[in-house]
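Each remark here refers to the structure printed beneath this line.
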Amino acid sequence: MDYQLEIASLISDLTSIPIDRLQFLIKEPTKGVDTDYSINWFALKSHIKKDGNQIADELEQNLQKITGKHHFIHTVSRVGPYINFKLNDHHVFQELRNQIDTQFNKFVHSGFPDLKKLTVVIEYPAQNTNKPLHLGHVRNMILGQTLASLHIFAGNSVHQVNLMNDKGVHICKSMLAYKRWGKGTTPEKRNMKSDHFVGKYYVTYGKHELKLREEVANEIKQLDEEKKKPLKEQDSEKIHRLDIVIQQSKYGKLIQNLNDLLLKWENGDPDVRKIWNKMNSWAKNGFEETYKVFDIQHEKVYLESDIYDKGREIVLDGVQKEHFIQLEDGAIIARFNKKGLPKEKVLLRRDGTTLYITQDLYLANQKLKDYNFDESIYVIGNEQDMQLRILFELLAILGFTGNNVHYSYGMINLKSGKMKSREGTVVDADNVVHDIKALSLEEVKNRYKDLSESEMSYRARVIAMAALRFFILKYEYSRDFVFDLEESISFEGETGVYLLYVYARICSIFTKGLEQGIPVPYSPNEDKMNDWTHESIPEEISTPEHNLLILLSKYPITLSTTCTTLKPHILCRYLLELAQSFNNFYHECPILKEEGTLRDFRLSICELVRKVMKHGLQIIKIDVITEM
RNA sequence: GGAUCCGUUGCCCAGCCAGGAUAAGGCACCGGACUUCUAAUCCGGUGAUCGCAGGUUCGAAUCCUGCCGGAUCCGCCA
């Protein structure tokens, strides 16, 4: 039961203030105030033309009449400008108790409004095939995957797809370096993960280019400055001279080689295609290994090399329909007249070749054809906000049906600054997983000396992935954050490990209970629900118990909010609060040492927390373990 | 220069959409709790001009305006 909504409903009946307005006015109290929900009657004044005090008096009196021993509101009281509501523990517990057996699925969905089920396409992480995945991709993958999970939970039909950027100048850079310095070696011969092998050559190229560029840095700078001047003031002779110097430098020749390679690829040169195929398959095989670690599965992968040239017809058709404009030199552009958008955007080059945006137009249509979606989500970093705005605007101009959403997440920066893959200053996805696993294995070994190797590494793996996933998801997705392996991946405090620990603790209580012949709701070893029909509740409920009950009752609405806002951090914050609240309860309230109703009541609370914790973690794709 | 986002304690981070009680957590630091259901834990403490200045309001971290500081974007690149 959503008590916040119920209270809003009660007040709505008494005041005829619309309930959808009232539910935002019912607040959870700040720390230290002994109440469960409250409303400030000042906030009601703008809705009823009465004296505030009078409103509060009437409300309080009327509410007093209906609340009481059997009502879900136990007490109503006035403190200053607030009307406070304390819920009835018995009522809350009885409501929750139903889910211990068979109603759990109904319970977790009970916060959802009855909406039409949607078909949703989620595209991520759209990486390039020139280098291995890095921490930015990790955030992308984990967010994309979690979005899918949230939509599936909400009952929507989800299609997870990827766009593999497997052609273009970036992969040519790796190819060029490999051709020049690779000497035909392979990842196997070098004993390297194959995508790292490809990435090595990308970095080699980047460093080489940077070195050569320095030789003509001065000329490039001068050229840039000259070109920045208004057209009339430009010294065309100087520009020409600088151009020649740059072109004839080693740097210029390298760039020329790169462009030649790209052109050869476009023309289908067999030798170039052969090496391209080889390097791409190395890259893709490497990605597959990493995907396995993160359990990433795509229903379909669109390849840029397949579709880069498509979308031309859409653009030409757009010209026919006078949406776009063909310039004298042959280029096709779109003009915008909207704040925040550029004046114009080129859609086809003057030589008729396509651009990335051309392909985007095609892919948006193709996804609609393939899935007839209601919503298409692009999980892409916020540095591409403008590109996506332009794309969506173009689609709108073309009368595109279907809702496009840019899930714009923030960048991960390092203490040392921004991650730059061409300079090799990135946190590699595989390495970061490896490091966290090593860290958690050490912790497991410290605690258990006599576990089997496989059990130890299993636990270490679950713990490590929990730590990493939760670390990414606990931040509001749109915000940038700074990553530092030492400080960021901790197993203490607000971490995934903290949540796992609560789960393991509860399991441990149940295991101990079973050993002592005490009936418990759940058997961790067999992963089995027991016959558990406990219904009674002690006369006196302690504060930790009360807090847990209230918190548990908020789970459905938390899930619903998380799903409708697509903000996983809301669920993460809830689970942390639940874990804190449980740990407080754990230390304050003995369980197995008690007897009768009190023991059973507390065991029931444990089971509720266990179930909600497991469910919540499942939603964010974190596995649990029963012992740690 | 223009556009978008951001600025909350020594550090990290929630709250802002929908204004209301003493600004919530975590890290670090200080003190306390393991012969008692797992101390990867708990309890207590120190620590905040919510970037600055105005405005609206009975009331502003939250809304509005201006300023300062930071990030990103503004390619016939991807």
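Lettering and numbering for the structure tokens are positional, with chains as A, B, ... in the shown order, residues counted from 1 in each chain, and ligands counted from 1 in the shown order.
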| Within 10 Å of stretch 168-176 of chain A, counting only C-alpha atoms (C1' of nucleotides), which residues qualify if same-chain residues fewer than 6 places away don't, as a ChimeraX atom specification? | /A:128-131,182,197-206,209,254-255,257-263,265-266,272,275-276,278-280,304-305,308,356,422 /B:77-78
Could you save those same residues with N, CA and C atoms (P, O5', C5', C4', C3', O3' and C1' of nucleotides) as a compact mmCIF listing (two decimals), in the first residue's frame?
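So the final result, stored in again_18.txt, reads:
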```
# COMPACT_ATOMS: atom_id res chain seq x y z
N ASN A 128 33.71 1.92 -30.84
CA ASN A 128 34.55 1.80 -32.02
C ASN A 128 35.39 0.53 -31.92
N THR A 129 35.79 0.03 -33.09
CA THR A 129 36.53 -1.24 -33.07
C THR A 129 38.04 -1.03 -33.11
N ASN A 130 38.49 0.13 -32.69
CA ASN A 130 39.92 0.39 -32.77
C ASN A 130 40.63 0.24 -31.43
N LYS A 131 39.87 -0.01 -30.39
CA LYS A 131 40.49 -0.07 -29.07
C LYS A 131 39.58 -0.80 -28.10
N GLY A 182 53.58 -3.84 -37.16
CA GLY A 182 53.04 -5.10 -36.63
C GLY A 182 53.82 -6.33 -37.06
N PHE A 197 45.19 -5.90 -28.18
CA PHE A 197 46.20 -5.97 -29.22
C PHE A 197 45.93 -4.89 -30.27
N VAL A 198 44.68 -4.79 -30.71
CA VAL A 198 44.30 -3.77 -31.70
C VAL A 198 44.51 -2.37 -31.12
N GLY A 199 44.11 -2.21 -29.87
CA GLY A 199 44.21 -0.92 -29.21
C GLY A 199 45.65 -0.45 -29.08
N LYS A 200 46.54 -1.42 -28.90
CA LYS A 200 47.96 -1.10 -28.78
C LYS A 200 48.44 -0.34 -30.02
N TYR A 201 47.97 -0.77 -31.17
CA TYR A 201 48.41 -0.12 -32.40
C TYR A 201 47.75 1.25 -32.59
N TYR A 202 46.56 1.38 -32.06
CA TYR A 202 45.89 2.68 -32.10
C TYR A 202 46.69 3.70 -31.29
N VAL A 203 47.14 3.27 -30.12
CA VAL A 203 47.93 4.16 -29.27
C VAL A 203 49.28 4.45 -29.93
N THR A 204 49.87 3.41 -30.51
CA THR A 204 51.14 3.60 -31.22
C THR A 204 51.00 4.66 -32.30
N TYR A 205 49.92 4.52 -33.07
CA TYR A 205 49.66 5.52 -34.12
C TYR A 205 49.54 6.91 -33.51
N GLY A 206 48.73 7.01 -32.47
CA GLY A 206 48.45 8.30 -31.85
C GLY A 206 49.72 8.99 -31.37
N GLU A 209 51.77 10.08 -34.41
CA GLU A 209 51.19 11.27 -35.04
C GLU A 209 51.50 12.52 -34.24
N LEU A 254 51.91 11.34 -43.26
CA LEU A 254 51.19 10.34 -42.45
C LEU A 254 49.68 10.49 -42.64
N ILE A 255 49.22 11.72 -42.56
CA ILE A 255 47.79 11.98 -42.74
C ILE A 255 47.35 11.55 -44.14
N ASN A 257 48.72 9.18 -45.93
CA ASN A 257 48.65 7.72 -45.89
C ASN A 257 47.34 7.24 -45.30
N LEU A 258 46.94 7.93 -44.23
CA LEU A 258 45.72 7.57 -43.53
C LEU A 258 44.51 7.74 -44.45
N ASN A 259 44.48 8.88 -45.13
CA ASN A 259 43.36 9.14 -46.03
C ASN A 259 43.34 8.16 -47.20
N ASP A 260 44.54 7.83 -47.68
CA ASP A 260 44.62 6.83 -48.76
C ASP A 260 44.01 5.51 -48.30
N LEU A 261 44.36 5.14 -47.08
CA LEU A 261 43.87 3.88 -46.53
C LEU A 261 42.35 3.88 -46.46
N LEU A 262 41.82 4.99 -45.98
CA LEU A 262 40.37 5.13 -45.87
C LEU A 262 39.71 5.02 -47.25
N LEU A 263 40.33 5.69 -48.21
CA LEU A 263 39.79 5.68 -49.57
C LEU A 263 39.83 4.27 -50.15
N TRP A 265 39.77 1.56 -48.50
CA TRP A 265 38.72 0.77 -47.84
C TRP A 265 37.38 1.02 -48.53
N GLU A 266 37.08 2.30 -48.76
CA GLU A 266 35.80 2.66 -49.38
C GLU A 266 35.68 2.03 -50.76
N VAL A 272 43.32 -4.20 -48.26
CA VAL A 272 42.89 -3.38 -47.13
C VAL A 272 41.72 -4.04 -46.41
N ILE A 275 42.93 -6.99 -44.18
CA ILE A 275 43.53 -6.62 -42.89
C ILE A 275 42.47 -5.98 -41.97
N TRP A 276 41.55 -5.26 -42.60
CA TRP A 276 40.45 -4.66 -41.83
C TRP A 276 39.58 -5.75 -41.17
N LYS A 278 40.52 -8.74 -40.45
CA LYS A 278 41.30 -9.43 -39.42
C LYS A 278 41.29 -8.61 -38.13
N MET A 279 41.57 -7.31 -38.24
CA MET A 279 41.66 -6.49 -37.03
C MET A 279 40.29 -6.30 -36.37
N ASN A 280 39.27 -6.19 -37.21
CA ASN A 280 37.94 -6.05 -36.64
C ASN A 280 37.51 -7.31 -35.89
N GLU A 304 28.32 -0.37 -38.74
CA GLU A 304 28.48 0.87 -39.49
C GLU A 304 28.92 0.57 -40.92
N SER A 305 29.76 -0.43 -41.09
CA SER A 305 30.25 -0.76 -42.43
C SER A 305 29.12 -1.21 -43.36
N TYR A 308 26.74 2.61 -43.43
CA TYR A 308 27.28 3.98 -43.48
C TYR A 308 26.86 4.73 -44.73
N TYR A 356 28.25 10.78 -40.78
CA TYR A 356 27.73 9.97 -39.68
C TYR A 356 26.24 10.22 -39.46
N ARG A 422 43.38 8.10 -27.28
CA ARG A 422 44.47 8.18 -28.24
C ARG A 422 45.80 8.43 -27.55
P C B 77 34.22 16.31 -43.23
O5' C B 77 33.85 16.38 -41.68
C5' C B 77 33.26 15.27 -41.05
C4' C B 77 34.33 14.41 -40.44
C3' C B 77 33.85 13.11 -39.85
O3' C B 77 33.72 12.12 -40.84
C1' C B 77 35.28 14.21 -38.32
P A B 78 32.49 11.19 -40.88
O5' A B 78 32.70 10.31 -39.58
C5' A B 78 33.78 9.37 -39.49
C4' A B 78 33.82 8.85 -38.07
C3' A B 78 32.51 8.24 -37.58
O3' A B 78 32.41 6.89 -37.94
C1' A B 78 33.27 9.81 -36.01
```
List every residue of stretch 149-242 of chain A that DSSP, applied to the backbone, labels as helix (DSSP H, G or I), and write the result as a compact mmCIF listing (two decimals) with N, CA, C and O atoms, in the first residue's frame.
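Final output, saved to part_9.txt:
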```txt
# COMPACT_ATOMS: atom_id res chain seq x y z
N SER A 149 16.64 -3.66 -17.92
CA SER A 149 16.07 -4.38 -16.78
C SER A 149 14.86 -3.63 -16.20
O SER A 149 13.83 -4.24 -15.88
N LEU A 150 14.97 -2.32 -16.08
CA LEU A 150 13.87 -1.52 -15.54
C LEU A 150 12.65 -1.60 -16.46
O LEU A 150 11.51 -1.74 -15.98
N HIS A 151 12.88 -1.51 -17.75
CA HIS A 151 11.76 -1.57 -18.69
C HIS A 151 11.10 -2.94 -18.69
O HIS A 151 9.88 -3.05 -18.78
N ILE A 152 11.93 -3.96 -18.61
CA ILE A 152 11.37 -5.32 -18.57
C ILE A 152 10.52 -5.47 -17.32
O ILE A 152 9.40 -5.98 -17.35
N PHE A 153 11.05 -4.97 -16.21
CA PHE A 153 10.30 -5.07 -14.97
C PHE A 153 8.97 -4.31 -15.05
O PHE A 153 7.96 -4.74 -14.53
N VAL A 169 38.01 6.44 -39.94
CA VAL A 169 39.40 6.83 -39.80
C VAL A 169 40.03 6.23 -38.54
O VAL A 169 41.22 5.92 -38.52
N HIS A 170 39.22 5.99 -37.52
CA HIS A 170 39.78 5.47 -36.27
C HIS A 170 40.38 4.08 -36.45
O HIS A 170 41.49 3.80 -35.99
N ILE A 171 39.66 3.22 -37.15
CA ILE A 171 40.19 1.86 -37.35
C ILE A 171 41.35 1.90 -38.36
O ILE A 171 42.29 1.12 -38.26
N CYS A 172 41.31 2.86 -39.27
CA CYS A 172 42.42 3.01 -40.21
C CYS A 172 43.72 3.34 -39.48
O CYS A 172 44.81 2.95 -39.89
N LYS A 173 43.59 4.07 -38.38
CA LYS A 173 44.78 4.43 -37.60
C LYS A 173 45.42 3.17 -37.02
O LYS A 173 46.64 2.99 -37.09
N SER A 174 44.60 2.31 -36.44
CA SER A 174 45.13 1.04 -35.92
C SER A 174 45.74 0.22 -37.05
O SER A 174 46.80 -0.37 -36.90
N MET A 175 45.04 0.22 -38.20
CA MET A 175 45.51 -0.57 -39.33
C MET A 175 46.85 -0.07 -39.84
O MET A 175 47.75 -0.86 -40.13
N LEU A 176 46.95 1.24 -39.94
CA LEU A 176 48.18 1.84 -40.44
C LEU A 176 49.36 1.46 -39.55
O LEU A 176 50.43 1.06 -40.03
N ALA A 177 49.15 1.58 -38.25
CA ALA A 177 50.23 1.26 -37.31
C ALA A 177 50.58 -0.23 -37.38
O ALA A 177 51.75 -0.61 -37.32
N TYR A 178 49.56 -1.04 -37.50
CA TYR A 178 49.80 -2.49 -37.57
C TYR A 178 50.59 -2.84 -38.82
O TYR A 178 51.53 -3.63 -38.79
N LYS A 179 50.18 -2.22 -39.94
CA LYS A 179 50.88 -2.49 -41.20
C LYS A 179 52.34 -2.07 -41.09
O LYS A 179 53.24 -2.74 -41.57
N ARG A 180 52.57 -0.94 -40.42
CA ARG A 180 53.90 -0.38 -40.37
C ARG A 180 54.81 -1.09 -39.36
O ARG A 180 55.98 -1.34 -39.62
N TRP A 181 54.24 -1.40 -38.18
CA TRP A 181 55.09 -1.95 -37.11
C TRP A 181 54.68 -3.34 -36.63
O TRP A 181 55.32 -3.90 -35.77
N PRO A 187 47.55 -11.52 -31.90
CA PRO A 187 47.29 -11.52 -30.47
C PRO A 187 47.75 -12.83 -29.82
O PRO A 187 48.28 -12.81 -28.70
N GLU A 188 47.56 -13.93 -30.52
CA GLU A 188 47.96 -15.23 -29.97
C GLU A 188 49.47 -15.25 -29.73
O GLU A 188 49.94 -15.64 -28.67
N LYS A 189 50.22 -14.83 -30.75
CA LYS A 189 51.67 -14.84 -30.63
C LYS A 189 52.14 -13.94 -29.50
O LYS A 189 53.10 -14.24 -28.81
N ARG A 190 51.43 -12.83 -29.34
CA ARG A 190 51.82 -11.88 -28.29
C ARG A 190 51.18 -12.20 -26.95
O ARG A 190 51.43 -11.52 -25.96
N SER A 194 42.64 -9.93 -27.60
CA SER A 194 42.74 -9.47 -28.98
C SER A 194 42.34 -8.01 -29.18
O SER A 194 42.92 -7.32 -30.02
N ASP A 195 41.38 -7.50 -28.40
CA ASP A 195 41.01 -6.09 -28.58
C ASP A 195 42.09 -5.17 -28.00
O ASP A 195 42.31 -4.07 -28.51
N HIS A 196 42.78 -5.66 -26.99
CA HIS A 196 43.89 -4.88 -26.44
C HIS A 196 45.03 -4.80 -27.46
O HIS A 196 45.72 -3.79 -27.56
N PHE A 197 45.19 -5.90 -28.18
CA PHE A 197 46.20 -5.97 -29.22
C PHE A 197 45.93 -4.89 -30.27
O PHE A 197 46.82 -4.11 -30.64
N VAL A 198 44.68 -4.79 -30.71
CA VAL A 198 44.30 -3.77 -31.70
C VAL A 198 44.51 -2.37 -31.12
O VAL A 198 45.05 -1.48 -31.77
N GLY A 199 44.11 -2.21 -29.87
CA GLY A 199 44.21 -0.92 -29.21
C GLY A 199 45.65 -0.45 -29.08
O GLY A 199 45.94 0.74 -29.16
N LYS A 200 46.54 -1.42 -28.90
CA LYS A 200 47.96 -1.10 -28.78
C LYS A 200 48.44 -0.34 -30.02
O LYS A 200 49.19 0.64 -29.92
N TYR A 201 47.97 -0.77 -31.17
CA TYR A 201 48.41 -0.12 -32.40
C TYR A 201 47.75 1.25 -32.59
O TYR A 201 48.34 2.15 -33.17
N TYR A 202 46.56 1.38 -32.06
CA TYR A 202 45.89 2.68 -32.10
C TYR A 202 46.69 3.70 -31.29
O TYR A 202 46.91 4.84 -31.72
N VAL A 203 47.14 3.27 -30.12
CA VAL A 203 47.93 4.16 -29.27
C VAL A 203 49.28 4.45 -29.93
O VAL A 203 49.76 5.59 -29.93
N THR A 204 49.87 3.41 -30.51
CA THR A 204 51.14 3.60 -31.22
C THR A 204 51.00 4.66 -32.30
O THR A 204 51.82 5.56 -32.43
N TYR A 205 49.92 4.52 -33.07
CA TYR A 205 49.66 5.52 -34.12
C TYR A 205 49.54 6.91 -33.51
O TYR A 205 50.15 7.86 -33.97
N GLY A 206 48.73 7.01 -32.47
CA GLY A 206 48.45 8.30 -31.85
C GLY A 206 49.72 8.99 -31.37
O GLY A 206 49.90 10.19 -31.58
N LYS A 207 50.59 8.21 -30.75
CA LYS A 207 51.84 8.78 -30.24
C LYS A 207 52.74 9.23 -31.40
O LYS A 207 53.38 10.28 -31.33
N HIS A 208 52.75 8.39 -32.42
CA HIS A 208 53.56 8.70 -33.59
C HIS A 208 53.07 10.00 -34.25
O HIS A 208 53.86 10.90 -34.55
N GLU A 209 51.77 10.08 -34.41
CA GLU A 209 51.19 11.27 -35.04
C GLU A 209 51.50 12.52 -34.24
O GLU A 209 51.88 13.55 -34.78
N LEU A 210 51.37 12.38 -32.93
CA LEU A 210 51.63 13.52 -32.04
C LEU A 210 53.07 14.00 -32.19
O LEU A 210 53.35 15.21 -32.24
N LYS A 211 53.98 13.03 -32.28
CA LYS A 211 55.41 13.36 -32.40
C LYS A 211 55.68 14.13 -33.71
O LYS A 211 56.34 15.16 -33.72
N LEU A 212 55.12 13.58 -34.78
CA LEU A 212 55.34 14.21 -36.08
C LEU A 212 54.67 15.58 -36.16
O LEU A 212 55.18 16.51 -36.78
N ARG A 213 53.55 15.67 -35.50
CA ARG A 213 52.80 16.91 -35.51
C ARG A 213 53.58 18.03 -34.84
O ARG A 213 53.51 19.19 -35.25
N GLU A 214 54.32 17.65 -33.82
CA GLU A 214 55.12 18.65 -33.10
C GLU A 214 56.13 19.33 -34.02
O GLU A 214 56.46 20.50 -33.83
N GLU A 215 56.61 18.56 -35.00
CA GLU A 215 57.61 19.11 -35.92
C GLU A 215 57.05 20.28 -36.73
O GLU A 215 57.80 21.15 -37.15
N ALA A 217 54.20 21.94 -35.58
CA ALA A 217 53.18 22.53 -34.70
C ALA A 217 53.06 24.02 -34.93
O ALA A 217 51.95 24.58 -34.95
N ASN A 218 54.18 24.65 -35.13
CA ASN A 218 54.20 26.09 -35.33
C ASN A 218 53.41 26.48 -36.59
O ASN A 218 52.60 27.41 -36.57
N GLU A 219 53.66 25.75 -37.66
CA GLU A 219 52.97 26.04 -38.92
C GLU A 219 51.45 25.82 -38.78
O GLU A 219 50.66 26.62 -39.27
N ILE A 220 51.11 24.72 -38.10
CA ILE A 220 49.69 24.43 -37.92
C ILE A 220 49.01 25.55 -37.12
O ILE A 220 47.91 25.98 -37.46
N LYS A 221 49.72 26.00 -36.11
CA LYS A 221 49.19 27.08 -35.28
C LYS A 221 48.97 28.35 -36.10
O LYS A 221 47.91 28.98 -36.04
N GLN A 222 49.98 28.67 -36.89
CA GLN A 222 49.89 29.87 -37.74
C GLN A 222 48.72 29.77 -38.73
O GLN A 222 48.00 30.73 -38.96
N LEU A 223 48.61 28.56 -39.30
CA LEU A 223 47.56 28.33 -40.28
C LEU A 223 46.18 28.52 -39.65
O LEU A 223 45.29 29.17 -40.20
N ASP A 224 46.04 27.93 -38.47
CA ASP A 224 44.76 28.05 -37.75
C ASP A 224 44.41 29.51 -37.49
O ASP A 224 43.28 29.95 -37.69
N GLU A 225 45.44 30.24 -37.04
CA GLU A 225 45.21 31.64 -36.71
C GLU A 225 44.81 32.44 -37.94
O GLU A 225 43.90 33.27 -37.90
N GLU A 226 45.49 32.13 -39.03
CA GLU A 226 45.20 32.83 -40.27
C GLU A 226 43.77 32.55 -40.75
O GLU A 226 43.05 33.44 -41.17
N LYS A 227 43.40 31.28 -40.60
CA LYS A 227 42.08 30.90 -41.09
C LYS A 227 40.96 31.43 -40.21
O LYS A 227 39.80 31.49 -40.63
N LYS A 228 41.32 31.75 -38.97
CA LYS A 228 40.30 32.29 -38.05
C LYS A 228 39.92 33.72 -38.42
O LYS A 228 38.86 34.20 -38.04
N LEU A 231 37.43 36.55 -43.77
CA LEU A 231 37.87 36.14 -45.10
C LEU A 231 38.69 37.24 -45.80
O LEU A 231 39.72 36.98 -46.42
N LYS A 232 38.25 38.48 -45.65
CA LYS A 232 38.91 39.59 -46.35
C LYS A 232 40.34 39.81 -45.88
O LYS A 232 41.21 40.20 -46.64
N GLU A 233 40.57 39.57 -44.59
CA GLU A 233 41.89 39.85 -44.03
C GLU A 233 42.87 38.70 -44.22
O GLU A 233 44.05 38.83 -43.91
N SER A 236 46.07 34.83 -48.45
CA SER A 236 45.91 33.54 -49.14
C SER A 236 47.27 32.95 -49.53
O SER A 236 47.45 31.74 -49.54
N GLU A 237 48.21 33.81 -49.78
CA GLU A 237 49.54 33.31 -50.13
C GLU A 237 50.19 32.60 -48.94
O GLU A 237 50.78 31.54 -49.07
N LYS A 238 49.99 33.22 -47.78
CA LYS A 238 50.55 32.63 -46.55
C LYS A 238 49.89 31.28 -46.27
O LYS A 238 50.55 30.31 -45.92
N ILE A 239 48.58 31.23 -46.44
CA ILE A 239 47.85 29.99 -46.21
C ILE A 239 48.37 28.90 -47.14
O ILE A 239 48.64 27.78 -46.72
N HIS A 240 48.51 29.27 -48.38
CA HIS A 240 49.00 28.31 -49.37
C HIS A 240 50.38 27.79 -49.00
O HIS A 240 50.64 26.59 -49.04
N ARG A 241 51.25 28.72 -48.61
CA ARG A 241 52.63 28.35 -48.27
C ARG A 241 52.64 27.40 -47.07
O ARG A 241 53.31 26.37 -47.08
N LEU A 242 51.87 27.74 -46.05
CA LEU A 242 51.81 26.90 -44.85
C LEU A 242 51.24 25.53 -45.18
O LEU A 242 51.72 24.49 -44.70
```
| query | Within 8 Å of chain B, which residues of chain A show up when using only C-alpha atoms (C1' of nucleotides), listed as a VMD selection string? | reply | chain A and resid 21 24 to 25 29 to 33 40 42 to 43 168 to 170 331 339 to 342 346 348 to 350 356 382 to 386 475 491 to 494 497 to 498 501 505 508 to 509 512 583 to 584 587 590 to 593 628
I need the chosen residues saved as a PDB file, in the first residue's frame, with C-alpha atoms.
```pdb
ATOM      1  CA  ARG A  21      -1.368  17.841  -6.141  1.00  0.00           C
ATOM      2  CA  PHE A  24       3.513  15.946  -3.560  1.00  0.00           C
ATOM      3  CA  LEU A  25       2.711  17.849  -0.403  1.00  0.00           C
ATOM      4  CA  PRO A  29      10.045  14.042   7.774  1.00  0.00           C
ATOM      5  CA  THR A  30      13.608  15.181   8.179  1.00  0.00           C
ATOM      6  CA  LYS A  31      15.815  13.227  10.511  1.00  0.00           C
ATOM      7  CA  GLY A  32      15.025  13.347  14.168  1.00  0.00           C
ATOM      8  CA  VAL A  33      11.315  14.072  13.849  1.00  0.00           C
ATOM      9  CA  ASN A  40       2.631  21.565   6.325  1.00  0.00           C
ATOM     10  CA  PHE A  42       0.865  26.521   5.055  1.00  0.00           C
ATOM     11  CA  ALA A  43       1.191  24.569   1.846  1.00  0.00           C
ATOM     12  CA  GLY A 168      36.262   4.968 -40.501  1.00  0.00           C
ATOM     13  CA  VAL A 169      39.395   6.833 -39.800  1.00  0.00           C
ATOM     14  CA  HIS A 170      39.784   5.472 -36.266  1.00  0.00           C
ATOM     15  CA  ALA A 331      26.154  19.600 -50.598  1.00  0.00           C
ATOM     16  CA  LYS A 339      17.634  28.231 -29.919  1.00  0.00           C
ATOM     17  CA  GLY A 340      20.358  25.803 -29.006  1.00  0.00           C
ATOM     18  CA  LEU A 341      20.703  24.389 -32.488  1.00  0.00           C
ATOM     19  CA  PRO A 342      23.307  25.449 -35.039  1.00  0.00           C
ATOM     20  CA  VAL A 346      25.482  19.254 -43.577  1.00  0.00           C
ATOM     21  CA  LEU A 348      25.518  14.976 -47.583  1.00  0.00           C
ATOM     22  CA  ARG A 349      28.937  16.222 -48.665  1.00  0.00           C
ATOM     23  CA  ARG A 350      29.364  18.143 -51.881  1.00  0.00           C
ATOM     24  CA  TYR A 356      27.735   9.966 -39.680  1.00  0.00           C
ATOM     25  CA  ASN A 382      26.448  13.979 -22.685  1.00  0.00           C
ATOM     26  CA  GLU A 383      29.297  15.215 -24.853  1.00  0.00           C
ATOM     27  CA  GLN A 384      27.070  14.269 -27.778  1.00  0.00           C
ATOM     28  CA  ASP A 385      24.021  16.197 -26.576  1.00  0.00           C
ATOM     29  CA  MET A 386      24.134  18.497 -29.568  1.00  0.00           C
ATOM     30  CA  TYR A 475      25.418   8.244  -8.939  1.00  0.00           C
ATOM     31  CA  PHE A 491      34.100  -2.387   0.198  1.00  0.00           C
ATOM     32  CA  GLU A 492      32.956  -0.204   3.073  1.00  0.00           C
ATOM     33  CA  GLY A 493      30.211   2.352   3.392  1.00  0.00           C
ATOM     34  CA  GLU A 494      27.883   3.054   0.493  1.00  0.00           C
ATOM     35  CA  VAL A 497      29.343  -5.032  -0.869  1.00  0.00           C
ATOM     36  CA  TYR A 498      27.488  -3.417   2.025  1.00  0.00           C
ATOM     37  CA  TYR A 501      26.646  -8.224   3.459  1.00  0.00           C
ATOM     38  CA  ARG A 505      23.829 -11.820   7.341  1.00  0.00           C
ATOM     39  CA  SER A 508      23.391 -16.637   8.235  1.00  0.00           C
ATOM     40  CA  ILE A 509      20.660 -16.012  10.804  1.00  0.00           C
ATOM     41  CA  LYS A 512      21.928 -20.717  12.470  1.00  0.00           C
ATOM     42  CA  ASN A 583      22.051  -3.245  10.262  1.00  0.00           C
ATOM     43  CA  ASN A 584      20.726  -0.956  12.954  1.00  0.00           C
ATOM     44  CA  HIS A 587      22.541  -4.702  16.334  1.00  0.00           C
ATOM     45  CA  PRO A 590      18.342 -10.035  19.079  1.00  0.00           C
ATOM     46  CA  ILE A 591      16.446 -12.567  16.989  1.00  0.00           C
ATOM     47  CA  LEU A 592      17.280 -16.214  17.644  1.00  0.00           C
ATOM     48  CA  LYS A 593      17.693 -15.530  21.334  1.00  0.00           C
ATOM     49  CA  MET A 628      30.668 -13.821   2.796  1.00  0.00           C
TER      50      MET A 628
END
```
| query | Could you state the separation of atom CA of A:Ser560 and atom CA of A:Gly496 in Å, given to one decimal place? | reply | 21.2 Å
| Residues of stretch 249-342 of chain A in strand (DSSP E) according to DSSP, as a ChimeraX atom specification? | /A:300-303,325-326,332-335
| query | Can you tell me, as a PyMOL selection string, what residues are no more than 10 Å from stretch 61-67 of chain B when counting only C-alpha atoms (C1' of nucleotides), ignoring any on the same chain fewer than 3 positions away? | reply | chain B and resi 8+15-17+19+23+50+52-56
